[in-house]
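Below is target24.cif, holding mmCIF, C-alpha atoms.
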```cif
data_upload
#
loop_
_atom_site.label_atom_id
_atom_site.label_comp_id
_atom_site.auth_asym_id
_atom_site.auth_seq_id
_atom_site.Cartn_x
_atom_site.Cartn_y
_atom_site.Cartn_z
CA MET D 77 -22.73 -20.24 16.58
CA MET D 78 -24.76 -19.39 13.50
CA VAL D 79 -23.15 -16.01 12.77
CA PRO D 80 -19.50 -17.21 12.92
CA ILE D 81 -20.41 -20.25 10.81
CA ALA D 82 -22.17 -18.03 8.29
CA LEU D 83 -19.13 -15.77 8.15
CA MET D 84 -16.76 -18.69 7.61
CA VAL D 85 -18.97 -20.14 4.87
CA LEU D 86 -19.12 -16.74 3.21
CA GLY D 87 -15.34 -16.37 3.42
CA VAL D 88 -14.76 -19.85 1.97
CA LEU D 89 -17.15 -19.18 -0.91
CA ALA D 90 -15.42 -15.90 -1.73
CA ALA D 91 -11.96 -17.45 -1.46
CA THR D 92 -12.80 -20.33 -3.82
CA THR D 93 -15.12 -18.74 -6.38
CA ALA D 94 -13.51 -15.33 -6.89
CA PRO D 95 -10.26 -16.67 -8.45
CA ARG D 96 -12.26 -18.85 -10.85
CA LEU D 97 -14.55 -16.03 -11.92
CA MET D 98 -11.67 -13.61 -12.42
CA ALA D 99 -9.65 -16.21 -14.36
CA ARG D 100 -12.55 -16.76 -16.78
CA SER D 101 -12.99 -13.04 -17.42
CA ASP D 102 -11.10 -11.10 -20.06
CA TRP D 103 -11.99 -7.62 -18.83
CA PRO D 104 -9.13 -7.31 -16.27
CA ASP D 105 -6.69 -6.80 -19.14
CA ARG D 106 -8.87 -3.96 -20.40
CA GLU D 107 -9.29 -2.33 -16.98
CA PRO D 108 -6.31 -3.30 -14.80
CA VAL D 109 -6.90 -0.57 -12.21
CA LEU D 110 -10.51 -1.68 -11.79
CA ALA D 111 -9.37 -5.31 -11.58
CA LEU D 112 -6.91 -4.40 -8.82
CA TRP D 113 -9.74 -2.74 -6.92
CA VAL D 114 -11.97 -5.81 -7.30
CA TRP D 115 -9.20 -8.11 -6.07
CA GLN D 116 -8.54 -5.90 -3.06
CA CYS D 117 -12.24 -5.84 -2.18
CA VAL D 118 -12.49 -9.63 -2.42
CA VAL D 119 -9.41 -10.18 -0.25
CA ALA D 120 -10.62 -7.57 2.23
CA GLY D 121 -13.98 -9.36 2.40
CA VAL D 122 -12.31 -12.71 3.10
CA LEU D 123 -10.10 -11.22 5.81
CA LEU D 124 -13.05 -9.39 7.33
CA CYS D 125 -15.02 -12.65 7.53
CA CYS D 126 -12.16 -14.22 9.48
CA VAL D 127 -11.70 -11.25 11.83
CA LEU D 128 -15.42 -10.96 12.64
CA ALA D 129 -15.83 -14.71 13.13
CA MET D 130 -12.81 -14.70 15.44
CA SER D 131 -14.18 -11.78 17.46
CA LEU D 132 -17.59 -13.36 17.99
CA SER D 133 -16.14 -16.77 18.80
CA ALA D 134 -13.69 -15.29 21.29
CA ALA D 135 -16.49 -13.27 22.88
CA ALA D 136 -18.51 -16.45 23.30
CA ALA D 137 -15.59 -18.41 24.74
CA TRP D 138 -14.15 -15.87 27.17
CA GLU D 139 -15.91 -13.28 29.27
CA SER D 140 -12.80 -11.09 29.28
CA VAL D 141 -13.12 -10.70 25.51
CA ARG D 142 -16.90 -10.25 25.48
CA SER D 143 -16.87 -6.85 27.18
CA PRO D 144 -14.39 -5.21 24.75
CA VAL D 145 -16.19 -6.70 21.74
CA PHE D 146 -19.68 -5.60 22.67
CA GLY D 147 -18.70 -2.53 24.67
CA PHE D 148 -21.74 -0.62 25.90
CA ALA D 149 -24.20 -2.55 23.72
CA PRO D 150 -27.58 -3.12 25.40
CA ARG D 151 -28.24 -6.52 26.91
CA VAL D 152 -30.83 -7.30 24.26
CA VAL D 153 -28.16 -6.94 21.57
CA VAL D 154 -25.79 -9.33 23.34
CA GLU D 155 -28.58 -11.86 23.87
CA ALA D 156 -29.42 -11.76 20.17
CA TYR D 157 -26.17 -13.60 19.41
CA ALA D 158 -26.88 -16.39 21.95
CA LEU D 159 -23.24 -16.56 22.95
CA GLN D 160 -23.90 -19.14 25.66
CA GLY D 161 -24.97 -21.65 23.03
CA TYR D 162 -21.77 -21.56 21.00
CA GLY D 163 -20.22 -24.46 22.90
CA PRO D 164 -16.54 -25.45 23.27
CA TRP D 165 -15.84 -25.05 19.54
CA ALA D 166 -15.99 -21.27 19.91
CA GLY D 167 -12.63 -21.14 21.68
CA VAL D 168 -11.05 -23.54 19.21
CA LEU D 169 -12.23 -21.51 16.22
CA ALA D 170 -11.10 -18.25 17.82
CA LEU D 171 -7.64 -19.66 18.52
CA LEU D 172 -7.29 -21.04 14.99
CA LEU D 173 -8.26 -17.73 13.41
CA ALA D 174 -6.06 -15.77 15.80
CA GLY D 175 -3.15 -18.03 14.91
CA GLY D 176 -3.81 -17.42 11.23
CA GLY D 177 -3.83 -13.68 11.82
CA ALA D 178 -0.59 -13.81 13.78
CA TRP D 179 1.05 -15.90 11.06
CA THR D 180 -0.09 -13.37 8.45
CA ALA D 181 1.53 -10.58 10.46
CA VAL D 182 4.75 -12.62 10.64
CA ALA D 183 4.69 -13.22 6.87
CA LEU D 184 4.10 -9.52 6.19
CA THR D 185 6.98 -8.58 8.50
CA ARG D 186 9.24 -11.01 6.67
CA GLU D 187 8.19 -9.63 3.30
CA VAL D 188 8.84 -6.04 4.35
CA ARG D 189 12.24 -6.95 5.80
CA ALA D 190 13.19 -8.85 2.65
CA ALA D 191 12.15 -5.87 0.51
CA ARG D 192 14.21 -3.51 2.65
CA LEU D 193 17.18 -5.85 2.35
CA ARG D 194 16.81 -5.92 -1.44
CA ARG D 195 16.67 -2.11 -1.52
CA ARG D 196 19.79 -1.85 0.64
CA GLN D 197 21.61 -4.30 -1.62
CA ARG D 198 20.58 -2.33 -4.69
CA ARG D 199 21.70 0.93 -3.10
CA ALA D 200 25.03 -0.66 -2.21
CA ASP D 201 25.36 -2.00 -5.75
CA LEU D 202 24.53 1.44 -7.10
CA LEU D 203 27.24 3.06 -4.97
CA ARG D 204 29.69 0.38 -6.07
CA ARG D 205 28.98 0.86 -9.76
CA ALA D 206 28.61 4.65 -9.56
CA PRO D 207 30.72 5.76 -6.58
CA LEU D 208 30.84 9.33 -5.39
CA LEU D 209 34.06 11.21 -6.14
CA PRO D 210 36.10 12.56 -3.23
CA GLY D 211 34.31 15.58 -1.85
CA GLU D 212 31.17 14.93 -3.93
CA LYS D 213 27.82 14.98 -2.15
CA PRO D 214 24.76 12.95 -3.14
CA SER D 215 22.86 15.06 -5.66
CA GLY D 216 19.46 13.42 -5.24
CA GLU D 217 18.97 13.28 -9.01
CA ARG D 218 15.90 11.27 -10.00
CA LEU D 219 17.71 9.67 -12.96
CA VAL D 220 20.95 7.71 -12.55
CA VAL D 221 22.83 6.27 -15.54
CA LEU D 222 25.04 3.22 -15.04
CA GLU D 223 27.50 1.58 -17.39
CA GLY D 224 26.08 -1.76 -18.40
CA ASP D 225 25.94 -4.17 -21.34
CA ARG D 226 22.38 -5.30 -20.57
CA PRO D 227 19.42 -2.98 -21.19
CA GLU D 228 17.94 -2.60 -17.72
CA ALA D 229 15.94 -0.02 -15.82
CA TRP D 230 14.43 -0.08 -12.35
CA TRP D 231 12.90 2.28 -9.83
CA LEU D 232 14.89 2.51 -6.60
CA GLN D 233 12.52 3.29 -3.73
CA GLN D 234 14.10 5.39 -0.97
CA SER D 235 13.70 8.80 0.64
CA SER D 236 14.50 10.33 -2.78
CA PRO D 237 13.30 7.78 -5.36
CA GLN D 238 15.55 7.33 -8.37
CA LEU D 239 15.18 5.71 -11.77
CA VAL D 240 18.32 3.71 -12.55
CA ILE D 241 18.98 2.96 -16.20
CA THR D 242 21.96 1.40 -17.94
CA THR D 243 23.84 2.87 -20.90
CA SER D 244 22.79 -0.12 -22.99
CA ALA D 245 19.15 0.78 -22.40
CA LEU D 246 19.84 4.41 -23.32
CA ARG D 247 21.40 3.31 -26.60
CA ARG D 248 18.36 1.19 -27.41
CA LEU D 249 15.61 3.61 -26.41
CA LYS D 250 14.91 6.14 -29.13
CA GLY D 251 12.95 9.35 -29.17
CA ARG D 252 10.28 9.47 -26.51
CA GLN D 253 10.72 5.82 -25.50
CA LEU D 254 12.89 6.85 -22.53
CA ASP D 255 10.20 9.32 -21.43
CA ALA D 256 7.61 6.55 -21.70
CA LEU D 257 9.78 4.25 -19.60
CA ILE D 258 10.16 6.94 -16.94
CA ALA D 259 6.38 7.52 -16.96
CA HIS D 260 5.85 3.75 -16.52
CA GLU D 261 8.08 3.62 -13.45
CA GLN D 262 6.54 6.80 -12.05
CA GLY D 263 3.14 5.16 -12.42
CA HIS D 264 4.32 2.39 -10.11
CA ALA D 265 5.68 4.87 -7.58
CA ARG D 266 2.64 7.17 -7.50
CA ALA D 267 0.18 4.31 -7.08
CA ARG D 268 2.37 2.73 -4.37
CA HIS D 269 2.28 -0.59 -6.13
CA ASP D 270 5.14 -1.74 -3.89
CA VAL D 271 2.85 -1.74 -0.84
CA LEU D 272 0.24 -3.78 -2.69
CA LEU D 273 2.89 -6.26 -3.81
CA TYR D 274 4.18 -6.64 -0.24
CA CYS D 275 0.70 -7.44 1.08
CA ALA D 276 -0.12 -9.85 -1.74
CA SER D 277 3.18 -11.70 -1.36
CA ALA D 278 2.81 -11.90 2.43
CA LEU D 279 -0.70 -13.37 2.22
CA ALA D 280 0.35 -15.93 -0.39
CA ALA D 281 3.49 -16.90 1.53
CA GLY D 282 1.66 -17.15 4.84
CA HIS D 283 -1.32 -19.12 3.49
CA PRO D 284 -0.28 -20.91 0.28
CA GLN D 285 -3.15 -23.39 0.65
CA ILE D 286 -5.78 -20.67 0.24
CA PRO D 287 -6.34 -20.18 -3.52
CA VAL D 288 -7.56 -16.60 -3.36
CA PHE D 289 -4.29 -15.37 -1.82
CA ALA D 290 -2.08 -17.16 -4.35
CA ALA D 291 -4.21 -15.87 -7.22
CA PHE D 292 -4.17 -12.38 -5.68
CA ARG D 293 -0.36 -12.37 -5.64
CA ASP D 294 -0.04 -13.61 -9.23
CA GLN D 295 -2.64 -11.21 -10.58
CA VAL D 296 -1.30 -8.21 -8.69
CA HIS D 297 2.17 -8.73 -10.19
CA ARG D 298 0.62 -8.79 -13.66
CA LEU D 299 -1.99 -6.07 -13.25
CA VAL D 300 0.34 -3.46 -11.76
CA GLU D 301 2.49 -3.73 -14.90
CA LEU D 302 -0.55 -3.30 -17.13
CA ALA D 303 -1.69 -0.31 -15.08
CA ALA D 304 1.75 1.31 -15.36
CA ASP D 305 1.76 0.61 -19.12
CA ASP D 306 -1.54 2.47 -19.38
CA VAL D 307 -0.13 5.45 -17.45
CA ALA D 308 2.76 5.70 -19.91
CA SER D 309 0.59 5.11 -22.98
CA ARG D 310 -1.79 7.93 -22.05
CA ARG D 311 1.11 10.38 -22.09
CA PHE D 312 3.28 9.06 -24.90
CA GLY D 313 1.14 6.64 -26.89
CA ARG D 314 0.77 2.88 -26.91
CA LEU D 315 3.24 2.34 -29.75
CA THR D 316 5.97 4.23 -27.90
CA ILE D 317 5.79 2.20 -24.70
CA ALA D 318 5.38 -1.04 -26.70
CA LEU D 319 8.58 -0.33 -28.65
CA ALA D 320 10.35 0.52 -25.40
CA LEU D 321 9.35 -2.87 -23.95
CA VAL D 322 10.60 -4.62 -27.08
CA GLU D 323 13.94 -2.80 -27.01
CA LEU D 324 14.51 -3.61 -23.35
CA ASN D 325 13.55 -7.28 -23.54
CA GLU D 326 14.31 -8.64 -27.01
CA ASP D 327 17.76 -9.96 -25.97
CA ARG D 328 16.26 -11.93 -23.07
CA GLY D 329 14.55 -14.47 -25.31
CA VAL D 330 11.04 -13.50 -24.24
CA PHE D 331 9.79 -13.23 -27.83
CA GLY D 332 11.14 -16.62 -28.90
CA PRO D 333 9.53 -20.07 -28.75
CA CYS D 334 10.93 -20.67 -25.26
CA PRO D 335 10.20 -17.50 -23.30
CA ALA D 336 12.10 -16.71 -20.13
CA PRO D 337 10.50 -15.77 -16.79
CA HIS D 338 9.51 -12.46 -18.42
CA ALA D 339 6.87 -14.33 -20.45
CA GLN D 340 4.23 -11.70 -19.74
CA VAL D 341 6.13 -9.11 -21.82
CA PRO D 342 4.84 -10.38 -25.21
CA ALA D 343 1.28 -10.28 -23.90
CA ARG D 344 1.82 -6.72 -22.67
CA VAL D 345 3.18 -5.69 -26.08
CA ASN D 346 0.26 -7.33 -27.91
CA ARG D 347 -2.18 -5.62 -25.57
CA LEU D 348 -0.63 -2.22 -26.31
CA LEU D 349 -0.57 -2.77 -30.08
CA ALA D 350 -4.09 -4.20 -30.30
CA PRO D 351 -6.00 -2.56 -27.44
CA ALA D 352 -9.49 -3.69 -26.57
CA PRO D 353 -12.05 -0.92 -26.03
CA ARG D 354 -12.30 0.34 -22.47
CA PHE D 355 -15.50 0.22 -20.46
CA THR D 356 -17.63 3.31 -20.37
CA LEU D 357 -17.29 5.58 -17.35
CA GLY D 358 -20.71 4.55 -16.11
CA ARG D 359 -19.88 0.86 -16.26
CA ARG D 360 -16.59 1.40 -14.45
CA LEU D 361 -18.38 3.31 -11.70
CA ARG D 362 -21.02 0.59 -11.34
CA MET D 363 -18.41 -2.17 -11.11
CA THR D 364 -16.44 -0.13 -8.58
CA ALA D 365 -19.53 0.28 -6.43
CA VAL D 366 -20.47 -3.40 -6.68
CA ALA D 367 -16.95 -4.47 -5.71
CA ALA D 368 -17.04 -2.12 -2.72
CA LEU D 369 -20.10 -4.02 -1.47
CA VAL D 370 -18.11 -7.26 -1.06
CA PRO D 371 -16.53 -6.21 2.28
CA VAL D 372 -19.90 -4.82 3.36
CA VAL D 373 -21.61 -8.23 3.23
CA PRO D 374 -19.68 -9.67 6.23
CA LEU D 375 -20.52 -6.53 8.20
CA LEU D 376 -24.21 -6.98 7.43
CA VAL D 377 -24.11 -10.65 8.41
CA THR D 378 -22.47 -9.68 11.69
CA PHE D 379 -24.53 -6.68 12.70
CA VAL D 380 -28.02 -7.56 11.41
CA PRO D 381 -28.93 -9.83 14.40
CA GLY D 382 -28.00 -7.17 16.93
CA LEU D 383 -29.62 -4.33 15.00
CA SER D 384 -32.78 -6.37 14.48
CA ALA D 385 -33.00 -7.14 18.21
CA LEU D 386 -32.41 -3.51 19.09
CA SER D 387 -35.04 -2.35 16.61
CA ALA D 388 -37.58 -4.81 18.01
CA ALA D 389 -36.85 -3.71 21.56
CA LEU D 390 -37.24 -0.03 20.72
CA GLY D 391 -40.32 -0.66 18.62
#
```

What do you get writing this file as structure tokens?
Amino acid sequence: MMVPIALMVLGVLAATTAPRLMARSDWPDREPVLALWVWQCVVAGVLLCCVLAMSLSAAAAWESVRSPVFGFAPRVVVEAYALQGYGPWAGVLALLLAGGGAWTAVALTREVRAARLRRRQRRADLLRRAPLLPGEKPSGERLVVLEGDRPEAWWLQQSSPQLVITTSALRRLKGRQLDALIAHEQGHARARHDVLLYCASALAAGHPQIPVFAAFRDQVHRLVELAADDVASRRFGRLTIALALVELNEDRGVFGPCPAPHAQVPARVNRLLAPAPRFTLGRRLRMTAVAALVPVVPLLVTFVPGLSALSAALG
């Protein structure tokens, strides 16, 4: 039972310490893409700990599971895990982890269905506000302009993605600010931030008591916006996208003493106007490599006993 326990302890440590360490750091605002990668590696490591612990526990509890898990592994490898000594808790742990995995799949399915429903409602609203004329066929234009008194813009994901923008936003955005806004939304679409948001929301909704998943959801929602801001700023300048954010949000009260739910907008504007220096390329590569090792640790914990036994038998 030592390997599953070690995996669970490792997963718990990662799930409790990673959010604290990331919350105390200021570098994610400077490198949002790198921060997203680190978060994904941490979450992948936690999930991998659970999956591997479940597999070993199930293999110890039920002979029908043991053969698929170990496959054609030599007998000495199977004996290295001492499956007979796991006791009755192996089945209980396997069932608990399997239930958690099934609940995660249910939460992800719900999140995807809710997102599809929101897209259908937005498409229906778009057709209602901008109906096709008799005999007119959908043009597939990537930019759709709607009459509206509120400055709004959003990216409508579908087979032919479209950027929807209101006339009020067009009146407010000057010069290259509209181009910067389009580049921001295209940054979301190209990086498939929607998929990342689905997964983060599903994990947090399915397991709200696990701090790493709740923190992952909150940080992903913030970091994807910073990453898209950087995409737009590299093409059109930080001042341009900052002014575009101000023009789109100043009537929503986000810059007053009592900010609305869009409270992160002032921080995004301040970040664009007073940017901190980025990490060097070498440091970014080193941090990327170190983060990639997080999911590797559970694999090492799992496979080292078997590989060590096999090496000793061959030696």

Got a sec: who's within 12 Å of Leu97 in chain D, counting all atoms listed in the file, leaving out chain neighbours fewer than 5 positions off, as a PyMOL selection string?
chain D and resi 89-92+102-104+111+114-115+118+288+291

Neighbour list for range 129-139 of chain D as number ranges by chain, cut-off 8 Å, all atoms listed in the file, skip fewer than 3 positions in-chain:
D: 77, 79-81, 83-84, 125-126, 142-143, 145, 159-160, 162-164, 166-167, 169-171, 173-174

Distance query Tyr274 in chain D at most 12 Å, only C-alpha atoms, self and fewer than 6 positions along chain excluded, as an MDAnalysis selection string:
chainID D and resid 180:181 183:192 268 280:282 292:293 296:297

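One distance worth recording is that between CA of Val341 in chain D and CA of Glu326 in chain D, which is 9.7 Å.
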
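Across the model, the gap from CA of Arg347 in chain D to CA of Ile258 in chain D is 19.6 Å.
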
Which distance in Å separates CA of Ser384 in chain D and CA of Val154 in chain D, to one decimal?
11.7 Å

Explicit residue set for the PyMOL selection byres ((chain D and resi 226) around 10), as number ranges by chain:
D: 223-225, 227-229, 241-245, 324-325, 327-328

Test item: which residues lie within 10 Å of (-13.9, -9.4, 0.8) counting only C-alpha atoms, as a ChimeraX atom specification
/D:86-87,90-91,94,114-125,367-374

Neighbour list for range 359-366 of chain D as a list in words, cut-off 9 Å, only C-alpha atoms, skip fewer than 5 positions in-chain
Glu107, Leu110, Trp113 and Val114 of chain D

I would like the residues chosen by the PyMOL selection byres ((chain D and resi 257) around 10) on the shown file; could you give them as a VMD selection string?
chain D and resid 229 to 230 239 241 249 252 to 256 258 to 263 304 to 305 308 to 309 312 316 to 318 320 to 321 324

Pull C-alpha atoms from the residues just selected and write them as a compact mmCIF listing (two decimals), in the frame of the given file.
```
# COMPACT_ATOMS: atom_id res chain seq x y z
CA ALA D 229 15.94 -0.02 -15.82
CA TRP D 230 14.43 -0.08 -12.35
CA LEU D 239 15.18 5.71 -11.77
CA ILE D 241 18.98 2.96 -16.20
CA LEU D 249 15.61 3.61 -26.41
CA ARG D 252 10.28 9.47 -26.51
CA GLN D 253 10.72 5.82 -25.50
CA LEU D 254 12.89 6.85 -22.53
CA ASP D 255 10.20 9.32 -21.43
CA ALA D 256 7.61 6.55 -21.70
CA ILE D 258 10.16 6.94 -16.94
CA ALA D 259 6.38 7.52 -16.96
CA HIS D 260 5.85 3.75 -16.52
CA GLU D 261 8.08 3.62 -13.45
CA GLN D 262 6.54 6.80 -12.05
CA GLY D 263 3.14 5.16 -12.42
CA ALA D 304 1.75 1.31 -15.36
CA ASP D 305 1.76 0.61 -19.12
CA ALA D 308 2.76 5.70 -19.91
CA SER D 309 0.59 5.11 -22.98
CA PHE D 312 3.28 9.06 -24.90
CA THR D 316 5.97 4.23 -27.90
CA ILE D 317 5.79 2.20 -24.70
CA ALA D 318 5.38 -1.04 -26.70
CA ALA D 320 10.35 0.52 -25.40
CA LEU D 321 9.35 -2.87 -23.95
CA LEU D 324 14.51 -3.61 -23.35
```

Range 187-198 of chain D from the block above, N, CA and C atoms, as a PDB file, in the first residue's frame, please?
```pdb
ATOM      1  N   GLU D 187     -20.634  21.230 -17.974  1.00  0.00           N
ATOM      2  CA  GLU D 187     -20.035  22.501 -18.367  1.00  0.00           C
ATOM      3  C   GLU D 187     -20.065  22.673 -19.882  1.00  0.00           C
ATOM      4  N   VAL D 188     -19.750  21.615 -20.603  1.00  0.00           N
ATOM      5  CA  VAL D 188     -19.765  21.692 -22.068  1.00  0.00           C
ATOM      6  C   VAL D 188     -21.182  21.926 -22.573  1.00  0.00           C
ATOM      7  N   ARG D 189     -22.150  21.225 -21.992  1.00  0.00           N
ATOM      8  CA  ARG D 189     -23.541  21.424 -22.408  1.00  0.00           C
ATOM      9  C   ARG D 189     -24.013  22.835 -22.109  1.00  0.00           C
ATOM     10  N   ALA D 190     -23.649  23.365 -20.937  1.00  0.00           N
ATOM     11  CA  ALA D 190     -24.044  24.734 -20.593  1.00  0.00           C
ATOM     12  C   ALA D 190     -23.404  25.732 -21.551  1.00  0.00           C
ATOM     13  N   ALA D 191     -22.144  25.491 -21.929  1.00  0.00           N
ATOM     14  CA  ALA D 191     -21.479  26.389 -22.876  1.00  0.00           C
ATOM     15  C   ALA D 191     -22.145  26.338 -24.244  1.00  0.00           C
ATOM     16  N   ARG D 192     -22.516  25.139 -24.677  1.00  0.00           N
ATOM     17  CA  ARG D 192     -23.209  25.014 -25.962  1.00  0.00           C
ATOM     18  C   ARG D 192     -24.559  25.721 -25.919  1.00  0.00           C
ATOM     19  N   LEU D 193     -25.246  25.601 -24.784  1.00  0.00           N
ATOM     20  CA  LEU D 193     -26.529  26.282 -24.644  1.00  0.00           C
ATOM     21  C   LEU D 193     -26.350  27.786 -24.698  1.00  0.00           C
ATOM     22  N   ARG D 194     -25.298  28.302 -24.047  1.00  0.00           N
ATOM     23  CA  ARG D 194     -25.049  29.749 -24.096  1.00  0.00           C
ATOM     24  C   ARG D 194     -24.740  30.196 -25.519  1.00  0.00           C
ATOM     25  N   ARG D 195     -23.963  29.380 -26.256  1.00  0.00           N
ATOM     26  CA  ARG D 195     -23.652  29.746 -27.645  1.00  0.00           C
ATOM     27  C   ARG D 195     -24.919  29.744 -28.493  1.00  0.00           C
ATOM     28  N   ARG D 196     -25.779  28.734 -28.300  1.00  0.00           N
ATOM     29  CA  ARG D 196     -27.024  28.713 -29.075  1.00  0.00           C
ATOM     30  C   ARG D 196     -27.900  29.928 -28.757  1.00  0.00           C
ATOM     31  N   GLN D 197     -27.956  30.301 -27.480  1.00  0.00           N
ATOM     32  CA  GLN D 197     -28.745  31.463 -27.104  1.00  0.00           C
ATOM     33  C   GLN D 197     -28.171  32.740 -27.707  1.00  0.00           C
ATOM     34  N   ARG D 198     -26.841  32.832 -27.741  1.00  0.00           N
ATOM     35  CA  ARG D 198     -26.238  34.013 -28.344  1.00  0.00           C
ATOM     36  C   ARG D 198     -26.460  34.058 -29.849  1.00  0.00           C
TER      37      ARG D 198
END
```
